[in-house]
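Structure file coords.pdb with PDB, C-alpha atoms:
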```
MODEL        1
ATOM      1  CA  MET A   6      -8.369 -11.914 -46.707
ATOM      2  CA  ARG A   7      -6.563 -12.454 -43.436
ATOM      3  CA  HIS A   8      -8.128 -14.647 -40.800
ATOM      4  CA  HIS A   9      -7.503 -13.744 -37.158
ATOM      5  CA  HIS A  10      -7.611 -16.764 -34.906
ATOM      6  CA  ALA A  11      -8.603 -16.507 -31.250
ATOM      7  CA  CYS A  12      -5.891 -16.982 -28.665
ATOM      8  CA  SER A  13      -6.003 -20.667 -27.715
ATOM      9  CA  ARG A  14      -4.891 -22.394 -24.534
ATOM     10  CA  ALA A  15      -1.711 -23.495 -26.331
ATOM     11  CA  HIS A  16      -0.890 -19.873 -27.154
ATOM     12  CA  GLN A  17      -1.412 -18.890 -23.521
ATOM     13  CA  VAL A  18       0.811 -21.695 -22.220
ATOM     14  CA  GLY A  19       3.464 -20.793 -24.786
ATOM     15  CA  ALA A  20       3.400 -17.160 -23.705
ATOM     16  CA  LEU A  21       3.820 -18.134 -20.048
ATOM     17  CA  LEU A  22       6.733 -20.421 -20.904
ATOM     18  CA  LEU A  23       8.369 -17.615 -22.862
ATOM     19  CA  VAL A  24       8.031 -15.239 -19.913
ATOM     20  CA  ALA A  25       9.430 -17.855 -17.516
ATOM     21  CA  ALA A  26      12.351 -18.662 -19.831
ATOM     22  CA  THR A  27      13.172 -14.972 -20.257
ATOM     23  CA  PHE A  28      13.150 -14.456 -16.494
ATOM     24  CA  LEU A  29      15.379 -17.472 -15.795
ATOM     25  CA  LEU A  30      17.870 -16.588 -18.528
ATOM     26  CA  THR A  31      18.044 -13.008 -17.315
ATOM     27  CA  ARG A  32      18.773 -14.181 -13.774
ATOM     28  CA  LEU A  33      21.421 -16.574 -15.106
ATOM     29  CA  PHE A  34      23.191 -13.848 -17.084
ATOM     30  CA  ASP A  35      23.007 -11.489 -14.097
ATOM     31  CA  ARG A  36      24.648 -14.146 -11.934
ATOM     32  CA  LEU A  37      27.392 -14.792 -14.510
ATOM     33  CA  LEU A  38      28.144 -11.085 -14.786
ATOM     34  CA  LEU A  39      28.169 -10.724 -11.002
ATOM     35  CA  ASP A  40      30.556 -13.657 -10.601
ATOM     36  CA  ALA A  41      32.804 -12.320 -13.360
ATOM     37  CA  SER A  42      33.045  -8.886 -11.744
ATOM     38  CA  SER A  43      33.511 -10.127  -8.171
ATOM     39  CA  PRO A  44      37.076 -10.183  -6.783
ATOM     40  CA  SER A  45      38.450 -13.675  -6.348
ATOM     41  CA  SER A  46      40.026 -12.886  -3.006
ATOM     42  CA  PRO A  47      37.654 -13.252  -0.025
ATOM     43  CA  SER A  48      39.617 -10.535   1.763
ATOM     44  CA  SER A  49      38.776  -7.941  -0.895
ATOM     45  CA  PRO A  50      37.232  -4.721   0.520
ATOM     46  CA  LEU A  51      34.342  -5.059  -1.921
ATOM     47  CA  SER A  52      33.609  -8.570  -0.701
ATOM     48  CA  ALA A  53      33.591  -7.382   2.872
ATOM     49  CA  ALA A  54      31.281  -4.486   2.094
ATOM     50  CA  ARG A  55      28.838  -6.586   0.131
ATOM     51  CA  PRO A  56      28.348 -10.056   1.629
ATOM     52  CA  ALA A  57      27.103 -12.721  -0.747
ATOM     53  CA  SER A  58      23.760 -13.004   1.044
ATOM     54  CA  SER A  59      22.773  -9.431   0.180
ATOM     55  CA  ALA A  60      24.612  -8.885  -3.108
ATOM     56  CA  ASP A  61      21.514  -9.544  -5.200
ATOM     57  CA  LEU A  62      19.561  -6.505  -4.020
ATOM     58  CA  ARG A  63      20.632  -2.982  -3.146
ATOM     59  CA  ILE A  64      18.119  -0.209  -2.441
ATOM     60  CA  TYR A  65      18.890   3.478  -2.319
ATOM     61  CA  VAL A  66      16.591   5.574  -0.125
ATOM     62  CA  TYR A  67      16.400   9.244  -1.045
ATOM     63  CA  SER A  68      17.034  11.655   1.831
ATOM     64  CA  GLU A  69      14.461  14.375   2.380
ATOM     65  CA  ASP A  70      17.176  17.047   2.230
ATOM     66  CA  GLU A  71      19.023  15.925  -0.890
ATOM     67  CA  ILE A  72      16.291  16.991  -3.334
ATOM     68  CA  GLN A  73      14.504  20.304  -3.188
ATOM     69  CA  GLY A  74      10.804  19.738  -2.556
ATOM     70  CA  LEU A  75      11.015  16.203  -1.171
ATOM     71  CA  ARG A  76      10.795  17.483   2.391
ATOM     72  CA  ALA A  77       7.465  19.132   1.538
ATOM     73  CA  LEU A  78       6.056  15.752   0.420
ATOM     74  CA  LEU A  79       7.043  14.391   3.828
ATOM     75  CA  ARG A  80       6.416  17.327   6.181
ATOM     76  CA  GLY A  81       4.143  19.753   4.331
ATOM     77  CA  ARG A  82       4.803  23.209   2.923
ATOM     78  CA  ASP A  83       5.904  24.548   6.333
ATOM     79  CA  GLY A  84       7.705  21.392   7.479
ATOM     80  CA  THR A  85       5.405  21.049  10.497
ATOM     81  CA  VAL A  86       3.915  17.570   9.934
ATOM     82  CA  ALA A  87       5.716  15.015  12.094
ATOM     83  CA  ALA A  88       6.357  11.441  10.974
ATOM     84  CA  ALA A  89       4.659  10.264  14.189
ATOM     85  CA  THR A  90       1.452  11.960  13.020
ATOM     86  CA  CYS A  91       1.536  10.159   9.676
ATOM     87  CA  LEU A  92       2.322   6.844  11.352
ATOM     88  CA  LYS A  93      -1.174   6.680  12.827
ATOM     89  CA  GLY A  94      -4.263   5.351  11.092
ATOM     90  CA  GLN A  95      -4.836   3.252   8.011
ATOM     91  CA  TRP A  96      -2.272   5.132   5.904
ATOM     92  CA  GLY A  97       0.659   4.517   8.256
ATOM     93  CA  THR A  98       2.298   2.149   5.772
ATOM     94  CA  GLN A  99       3.760   5.197   4.009
ATOM     95  CA  VAL A 100       5.898   5.790   7.114
ATOM     96  CA  LYS A 101       6.519   2.177   8.145
ATOM     97  CA  ILE A 102       7.914   1.076   4.777
ATOM     98  CA  HIS A 103      10.191   4.120   4.737
ATOM     99  CA  GLN A 104      11.467   3.417   8.249
ATOM    100  CA  LEU A 105      12.027  -0.278   7.503
ATOM    101  CA  LEU A 106      14.105   0.518   4.423
ATOM    102  CA  LEU A 107      16.199   3.056   6.333
ATOM    103  CA  LYS A 108      17.260   0.207   8.660
ATOM    104  CA  SER A 109      17.370  -2.529   6.023
ATOM    105  CA  ARG A 110      20.549  -4.524   5.405
ATOM    106  CA  PHE A 111      19.812  -4.142   1.698
ATOM    107  CA  ARG A 112      20.120  -0.373   1.852
ATOM    108  CA  THR A 113      22.996   1.249  -0.006
ATOM    109  CA  PHE A 114      24.277   4.817   0.197
ATOM    110  CA  THR A 115      25.765   4.646  -3.302
ATOM    111  CA  LYS A 116      23.376   5.284  -6.170
ATOM    112  CA  ASP A 117      25.583   3.620  -8.769
ATOM    113  CA  GLU A 118      25.333   0.235  -7.048
ATOM    114  CA  ALA A 119      21.588   0.434  -6.388
ATOM    115  CA  ASN A 120      19.138  -1.897  -8.118
ATOM    116  CA  LEU A 121      16.121   0.008  -6.836
ATOM    117  CA  PHE A 122      15.443   3.524  -5.561
ATOM    118  CA  PHE A 123      12.857   4.350  -2.902
ATOM    119  CA  VAL A 124      11.218   7.780  -2.982
ATOM    120  CA  PRO A 125       9.733   8.518   0.480
ATOM    121  CA  SER A 126       6.531  10.521   0.626
ATOM    122  CA  TYR A 127       3.796  10.928   3.244
ATOM    123  CA  VAL A 128       1.617  12.757   0.763
ATOM    124  CA  LYS A 129      -1.705  11.212   1.847
ATOM    125  CA  CYS A 130      -1.122  12.284   5.434
ATOM    126  CA  VAL A 131       0.179  15.710   4.389
ATOM    127  CA  ARG A 132      -2.916  16.239   2.267
ATOM    128  CA  MET A 133      -5.289  15.100   5.022
ATOM    129  CA  THR A 134      -3.732  17.534   7.496
ATOM    130  CA  GLY A 135      -4.057  20.420   5.026
ATOM    131  CA  ALA A 136      -0.289  20.870   4.780
ATOM    132  CA  LEU A 137      -0.429  20.536   0.973
ATOM    133  CA  ASN A 138      -3.354  20.822  -1.450
ATOM    134  CA  ASP A 139      -3.815  18.837  -4.660
ATOM    135  CA  LYS A 140      -2.235  21.507  -6.854
ATOM    136  CA  GLU A 141       0.783  21.818  -4.573
ATOM    137  CA  ILE A 142       1.205  18.044  -4.457
ATOM    138  CA  ASN A 143       1.259  17.820  -8.241
ATOM    139  CA  GLN A 144       3.691  20.710  -8.654
ATOM    140  CA  THR A 145       5.996  19.410  -5.935
ATOM    141  CA  TYR A 146       6.172  15.891  -7.379
ATOM    142  CA  VAL A 147       7.031  17.278 -10.816
ATOM    143  CA  LYS A 148       9.709  19.482  -9.259
ATOM    144  CA  VAL A 149      11.205  16.589  -7.289
ATOM    145  CA  LEU A 150      11.290  14.179 -10.237
ATOM    146  CA  SER A 151      12.946  16.773 -12.466
ATOM    147  CA  GLN A 152      15.943  16.756 -10.099
ATOM    148  CA  MET A 153      16.473  12.992 -10.221
ATOM    149  CA  PRO A 154      18.957  11.984 -12.946
ATOM    150  CA  TYR A 155      18.700   8.319 -11.983
ATOM    151  CA  PHE A 156      14.923   8.510 -12.397
ATOM    152  CA  ARG A 157      15.346   9.931 -15.904
ATOM    153  CA  ARG A 158      18.007   7.342 -16.728
ATOM    154  CA  SER A 159      15.558   4.461 -16.387
ATOM    155  CA  GLY A 160      12.348   6.305 -17.127
ATOM    156  CA  GLY A 161      11.439   5.625 -13.492
ATOM    157  CA  ARG A 162      11.356   1.847 -13.916
ATOM    158  CA  ASP A 163      13.568   1.197 -10.889
ATOM    159  CA  HIS A 164      11.954   3.776  -8.595
ATOM    160  CA  ILE A 165       9.428   2.789  -5.904
ATOM    161  CA  PHE A 166       6.584   4.969  -4.634
ATOM    162  CA  VAL A 167       4.062   4.274  -1.847
ATOM    163  CA  PHE A 168       0.479   5.529  -2.147
ATOM    164  CA  PRO A 169      -1.251   4.045   0.925
ATOM    165  CA  SER A 170      -4.891   4.992   0.302
ATOM    166  CA  GLY A 171      -7.696   3.947  -2.004
ATOM    167  CA  ALA A 172      -6.879   6.876  -4.280
ATOM    168  CA  GLY A 173      -3.566   5.229  -5.121
ATOM    169  CA  ALA A 174      -1.229   7.177  -7.397
ATOM    170  CA  HIS A 175      -4.120   9.462  -8.372
ATOM    171  CA  LEU A 176      -3.039  11.659  -5.444
ATOM    172  CA  PHE A 177      -0.382  12.803  -7.914
ATOM    173  CA  ARG A 178      -2.546  14.092 -10.754
ATOM    174  CA  SER A 179       0.202  13.751 -13.361
ATOM    175  CA  TRP A 180       1.072  10.170 -12.427
ATOM    176  CA  ALA A 181       0.227   8.926 -15.939
ATOM    177  CA  THR A 182       2.922  11.158 -17.401
ATOM    178  CA  PHE A 183       5.658  10.654 -14.824
ATOM    179  CA  LEU A 184       5.030   7.387 -12.938
ATOM    180  CA  ASN A 185       3.582   5.133 -15.627
ATOM    181  CA  ARG A 186       6.723   2.963 -15.547
ATOM    182  CA  SER A 187       7.541   3.194 -11.847
ATOM    183  CA  ILE A 188       6.778   0.591  -9.167
ATOM    184  CA  ILE A 189       3.773   1.584  -7.074
ATOM    185  CA  LEU A 190       2.869   0.064  -3.700
ATOM    186  CA  THR A 191      -0.791   0.583  -2.843
ATOM    187  CA  PRO A 192      -3.688  -1.218  -1.087
ATOM    188  CA  GLU A 193      -5.998  -0.541  -4.043
ATOM    189  CA  GLY A 194      -5.900  -2.147  -7.464
ATOM    190  CA  ASP A 195      -8.542  -1.358 -10.058
ATOM    191  CA  ARG A 196     -10.102   2.109  -9.614
ATOM    192  CA  THR A 197     -11.880   2.344 -12.951
ATOM    193  CA  ASP A 198     -15.152   2.374 -11.017
ATOM    194  CA  LYS A 199     -14.746   6.114 -10.453
ATOM    195  CA  ARG A 200     -11.860   7.063 -12.719
ATOM    196  CA  GLY A 201     -11.281   6.782 -16.428
ATOM    197  CA  THR A 202      -8.144   4.719 -15.948
ATOM    198  CA  SER A 203      -6.419   2.770 -13.199
ATOM    199  CA  ALA A 204      -2.965   3.722 -11.938
ATOM    200  CA  PHE A 205      -2.368   0.097 -10.931
ATOM    201  CA  ASN A 206      -0.504  -2.157 -13.369
ATOM    202  CA  THR A 207      -0.372  -5.863 -12.494
ATOM    203  CA  TRP A 208       2.928  -6.264 -14.369
ATOM    204  CA  LYS A 209       4.885  -3.954 -12.053
ATOM    205  CA  ASP A 210       2.836  -2.719  -9.085
ATOM    206  CA  ILE A 211       2.227  -4.449  -5.747
ATOM    207  CA  ILE A 212      -0.845  -4.619  -3.507
ATOM    208  CA  ILE A 213       0.035  -4.001   0.142
ATOM    209  CA  PRO A 214      -2.205  -4.239   3.239
ATOM    210  CA  GLY A 215      -3.381  -1.170   5.054
ATOM    211  CA  ASN A 216      -1.769  -0.166   8.327
ATOM    212  CA  VAL A 217      -3.031  -2.138  11.334
ATOM    213  CA  ASP A 218      -2.329  -0.887  14.852
ATOM    214  CA  ASP A 219       1.030  -2.194  16.095
ATOM    215  CA  SER A 220      -0.517  -3.440  19.317
ATOM    216  CA  MET A 221      -2.618  -5.922  17.323
ATOM    217  CA  VAL A 222      -0.023  -7.475  15.008
ATOM    218  CA  LYS A 223       2.265  -8.986  17.649
ATOM    219  CA  SER A 224       1.116 -12.585  17.885
ATOM    220  CA  ASP A 225       2.648 -13.112  21.322
ATOM    221  CA  ALA A 226       1.355  -9.892  22.896
ATOM    222  CA  ARG A 227      -1.783  -8.622  21.182
ATOM    223  CA  ALA A 228      -3.659  -5.905  23.019
ATOM    224  CA  VAL A 229      -6.965  -7.679  22.259
ATOM    225  CA  GLN A 230      -7.083 -11.445  22.011
ATOM    226  CA  PRO A 231      -9.683 -13.364  19.956
ATOM    227  CA  ILE A 232     -12.488 -15.107  21.830
ATOM    228  CA  PRO A 233     -14.045 -18.506  20.969
ATOM    229  CA  LEU A 234     -16.751 -18.393  18.313
ATOM    230  CA  ARG A 235     -19.345 -19.888  20.650
ATOM    231  CA  LYS A 236     -18.885 -16.947  23.033
ATOM    232  CA  ARG A 237     -19.331 -14.227  20.421
ATOM    233  CA  LYS A 238     -22.486 -12.210  20.898
ATOM    234  CA  TYR A 239     -23.240 -11.301  17.283
ATOM    235  CA  LEU A 240     -23.405 -13.136  13.990
ATOM    236  CA  SER A 241     -21.824 -10.163  12.223
ATOM    237  CA  ASN A 242     -20.865  -6.548  12.722
ATOM    238  CA  PHE A 243     -20.118  -3.419  10.732
ATOM    239  CA  LEU A 244     -17.810  -0.985  12.495
ATOM    240  CA  GLY A 245     -17.635   2.037  10.261
ATOM    241  CA  ARG A 246     -19.258   5.300   9.268
ATOM    242  CA  ALA A 247     -22.146   5.301   6.812
ATOM    243  CA  GLN A 248     -20.681   8.223   4.791
ATOM    244  CA  GLY A 249     -23.986   8.469   2.939
ATOM    245  CA  LYS A 250     -23.231   5.238   1.035
ATOM    246  CA  ALA A 251     -26.316   3.201   0.134
ATOM    247  CA  GLY A 252     -24.852  -0.155   1.175
ATOM    248  CA  ARG A 253     -23.584   1.118   4.504
ATOM    249  CA  LEU A 254     -26.868   2.854   5.266
ATOM    250  CA  GLN A 255     -28.663  -0.444   4.646
ATOM    251  CA  LEU A 256     -26.395  -2.184   7.178
ATOM    252  CA  VAL A 257     -27.155   0.458   9.792
ATOM    253  CA  LYS A 258     -30.878  -0.032   9.106
ATOM    254  CA  LEU A 259     -30.594  -3.818   9.385
ATOM    255  CA  ALA A 260     -28.718  -3.503  12.674
ATOM    256  CA  LYS A 261     -31.687  -1.653  14.137
ATOM    257  CA  GLN A 262     -34.091  -4.339  12.870
ATOM    258  CA  TYR A 263     -31.963  -7.252  14.108
ATOM    259  CA  PRO A 264     -29.959  -5.899  17.070
ATOM    260  CA  ASP A 265     -29.234  -9.381  18.391
ATOM    261  CA  LYS A 266     -27.655 -10.522  15.091
ATOM    262  CA  LEU A 267     -25.931  -7.476  13.611
ATOM    263  CA  GLU A 268     -23.973  -4.833  15.513
ATOM    264  CA  SER A 269     -23.410  -1.453  13.897
ATOM    265  CA  PRO A 270     -22.719   1.233  16.514
ATOM    266  CA  GLU A 271     -22.439   4.880  15.552
ATOM    267  CA  LEU A 272     -18.726   5.636  15.534
ATOM    268  CA  LYS A 273     -17.501   8.950  16.877
ATOM    269  CA  LEU A 274     -14.166  10.232  15.580
ATOM    270  CA  SER A 275     -13.774  12.798  18.339
ATOM    271  CA  GLY A 276     -15.213  13.818  21.694
ATOM    272  CA  PRO A 277     -15.902  11.805  24.865
ATOM    273  CA  ASN A 278     -17.788   9.074  22.970
ATOM    274  CA  LYS A 279     -14.961   8.395  20.519
ATOM    275  CA  LEU A 280     -14.314   4.665  20.081
ATOM    276  CA  GLY A 281     -10.643   4.050  20.880
ATOM    277  CA  ARG A 282      -8.519   1.468  19.074
ATOM    278  CA  ILE A 283      -8.650  -1.080  21.889
ATOM    279  CA  ASP A 284     -12.434  -0.739  22.236
ATOM    280  CA  TYR A 285     -12.758  -0.975  18.471
ATOM    281  CA  PHE A 286     -11.030  -4.362  18.370
ATOM    282  CA  LYS A 287     -13.048  -5.573  21.365
ATOM    283  CA  HIS A 288     -16.204  -4.880  19.343
ATOM    284  CA  LEU A 289     -14.675  -6.431  16.218
ATOM    285  CA  ARG A 290     -13.872  -9.727  17.943
ATOM    286  CA  ASN A 291     -17.399 -10.118  19.305
ATOM    287  CA  ALA A 292     -18.887 -11.275  15.967
ATOM    288  CA  LYS A 293     -18.282 -14.297  13.773
ATOM    289  CA  PHE A 294     -18.286 -12.266  10.568
ATOM    290  CA  CYS A 295     -16.873  -8.808   9.874
ATOM    291  CA  LEU A 296     -18.839  -6.956   7.199
ATOM    292  CA  ALA A 297     -16.564  -4.856   4.993
ATOM    293  CA  PRO A 298     -18.699  -2.789   2.607
ATOM    294  CA  ARG A 299     -17.063  -0.525   0.073
ATOM    295  CA  GLY A 300     -16.675   3.157   0.923
ATOM    296  CA  GLU A 301     -15.105   5.657  -1.425
ATOM    297  CA  SER A 302     -13.501   2.619  -3.067
ATOM    298  CA  SER A 303     -13.676  -1.146  -2.753
ATOM    299  CA  TRP A 304     -10.649  -1.248  -0.431
ATOM    300  CA  THR A 305     -11.366  -1.313   3.289
ATOM    301  CA  LEU A 306      -9.024  -1.655   6.263
ATOM    302  CA  ARG A 307     -11.542  -3.856   8.130
ATOM    303  CA  PHE A 308     -10.649  -6.677   5.751
ATOM    304  CA  TYR A 309      -7.150  -6.826   7.277
ATOM    305  CA  GLU A 310      -8.120  -5.935  10.836
ATOM    306  CA  SER A 311     -10.537  -8.853  11.039
ATOM    307  CA  PHE A 312      -7.668 -11.349  10.622
ATOM    308  CA  PHE A 313      -6.182 -10.399  13.987
ATOM    309  CA  VAL A 314      -9.343 -11.215  15.937
ATOM    310  CA  VAL A 315     -10.102 -14.327  13.852
ATOM    311  CA  SER A 316     -13.291 -12.921  12.374
ATOM    312  CA  SER A 317     -14.238 -13.941   8.840
ATOM    313  CA  PRO A 318     -14.361 -10.851   6.581
ATOM    314  CA  LEU A 319     -17.198 -10.504   4.082
ATOM    315  CA  LEU A 320     -16.430  -8.064   1.292
ATOM    316  CA  LEU A 321     -19.460  -6.158   0.009
ATOM    317  CA  LEU A 322     -18.122  -4.467  -3.104
ATOM    318  CA  LYS A 323     -21.282  -3.303  -4.812
ATOM    319  CA  GLU A 324     -22.774   0.044  -3.767
ATOM    320  CA  GLY A 325     -26.347  -1.234  -3.446
ATOM    321  CA  PHE A 326     -25.815  -4.865  -2.590
ATOM    322  CA  MET A 327     -29.247  -5.501  -1.078
TER     323      MET A 327
ENDMDL
END
```
Have the structure of the file written as structure tokens, please.
Amino acid sequence: MRHHHACSRAHQVGALLLVAATFLLTRLFDRLLLDASSPSSPSSPLSAARPASSADLRIYVYSEDEIQGLRALLRGRDGTVAAATCLKGQWGTQVKIHQLLLKSRFRTFTKDEANLFFVPSYVKCVRMTGALNDKEINQTYVKVLSQMPYFRRSGGRDHIFVFPSGAGAHLFRSWATFLNRSIILTPEGDRTDKRGTSAFNTWKDIIIPGNVDDSMVKSDARAVQPIPLRKRKYLSNFLGRAQGKAGRLQLVKLAKQYPDKLESPELKLSGPNKLGRIDYFKHLRNAKFCLAPRGESSWTLRFYESFFVVSSPLLLLKEGFM
């Protein structure tokens, strides 16, 4: 009879050391190969094109016109969705990361020298504006990926995708078949609360913050400056829509019972009473704590927004937390 022993602390430490050693040896071999293949003359055209400071990383950014269907993931089926439209709101990271990489010194226009490939897509925005539905999104992704020989070469391991909402890669229904090895940037990690499996893999994927208004992230010229804690009117606030969620509805109820302690105004998304971005941050800074209850998922943009007005965020992740 075989006896299976539990994984001890020594086993765990050994595994971590093995991972670290593998990483360091891989980097060493990469450096040796790079040095061996580099021209010895500093005046070589290759040396001039690839300075030593940026030789370690080269990123290829796919153009929307080089692959049939990619433009639809950026502009919609009719090509009418502007990048400026998708730049607004909490999902603007899908545009900002794309624009940053287009101007990056690590960008390469040659696929053969690229270490990583970035696949631009504003699919969350395109879906929200009705320019593509779920079925069209799935079909278009499959069509786009089928035209990428470099994606097939690596099984997608060196290709990067941005999914800037709580739904993550689930916006692409067939992600488990096509993107299970790719690098995914998303603000949401575990989504097994509402889905059978999570698209996020801690070994390869990266958590990114949601998009915060540009006027608030410039430390030297913020549109709304924090105010001293002693001058803040409320102990806490919740600036969001109830959306029929039990926890959020409880906060709205508590705000009515304790109006001098908790602020929770009814937010209007349109019309004359709509709360603009500047007014929103003026409300946000007027409390010591920013309540960030879960909505459709545990991720909430208020967690990041509170940093810029020096308000302590309190995450309320359970649906009925009171």
| query | Can you list, as a ChimeraX atom specification, the residues that the PyMOL selection byres ((chain A and resi 93) around 12) selects here? | reply | /A:87-92,94-101,127,129-130,215-219,282
| said: Can you tell me which residues surround range 293-307 of chain A at a distance of at most 6 Å, considering all atoms listed in the file, apart from same-chain residues fewer than 2 positions away, and format the answer as a list of chain:residue names? | reply: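 Selected residues are A:Glu193, A:Gly215, A:Leu240, A:Ser241, A:Asn242, A:Phe243, A:Tyr309, A:Glu310, A:Ser311, A:Ser316, A:Ser317, A:Pro318, A:Leu319, A:Leu320, A:Leu321, A:Leu322.
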| said: Could you list, as an MDAnalysis selection string, every residue matched by the PyMOL selection byres ((chain A and resi 144-152) around 7) in this structure? | reply: chainID A and resid 72:75 140:143 153:154
| request: Provide the CA of Arg162 in chain A to CA of Arg186 in chain A distance in Å, to one decimal place. | output: 5.0 Å
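Atom pair CA of Glu118 in chain A / CA of Phe166 in chain A: separated by 19.5 Å.
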Give the padded box for range 214-225 of chain A as lines of an AutoDock Vina configuration file: axis-aligned, covering all atoms listed in the file, 5 Å on each side, centre and edge lengths in Å to one decimal.
```
center_x = -0.4
center_y = -6.6
center_z = 12.3
size_x = 16.0
size_y = 22.9
size_z = 28.1
```
| said: Would you pick out the contacts of Ile232 in chain A at 12 Å or less, using only C-alpha atoms, so that residues sharing its chain but fewer than 2 positions from it are not included, and give the list as a VMD selection string? | reply: chain A and resid 229 to 230 234 to 238 286 to 293 313 to 316
| Given the choices A:Glu69, A:Glu268, A:Asp210, A:Asp163, which gets closest to Gly194 in chain A if the distance is worked out from only C-alpha atoms? |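 Of all the options, A:Asp210 lies closest to Gly194 in chain A.
Picture a line from CA of Ser109 in chain A to CA of Ala226 in chain A; it runs 24.4 Å.
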| request: Step by step: start from the point (-0.2, 1.8, -2.9) in the file's coordinates, keep every protein, DNA or RNA residue that has an atom no farther than 6 Å from it, count all atoms listed in the file, and write the set as a PyMOL selection string. | output: chain A and resi 167-169+173+189-192
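Take the candidates A:Ala260, A:Leu184, A:Ile213, A:Leu244 and check each one against Arg157 in chain A using only C-alpha atoms; the shortest distance goes to A:Leu184.
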| task | Take the PyMOL selection byres ((chain A and resi 82) around 10), apply it to the structure above, and return the hits as a ChimeraX atom specification. | result | /A:74,76-81,83-86,131,135-138,141-142,145
| said: I want to know what sits within 6 Å of Phe122 in chain A, based on all atoms listed in the file, with residues of the same chain fewer than 6 positions away left out; could you give that as a PyMOL selection string? | reply: chain A and resi 64-66+164
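When the distance limit is 9 Å and all atoms listed in the file are what count, the residues near Glu271 in chain A, minus those fewer than 3 positions from it on the same chain, are Leu244, Gly245, Arg246, Ala247 and Val257 of chain A.
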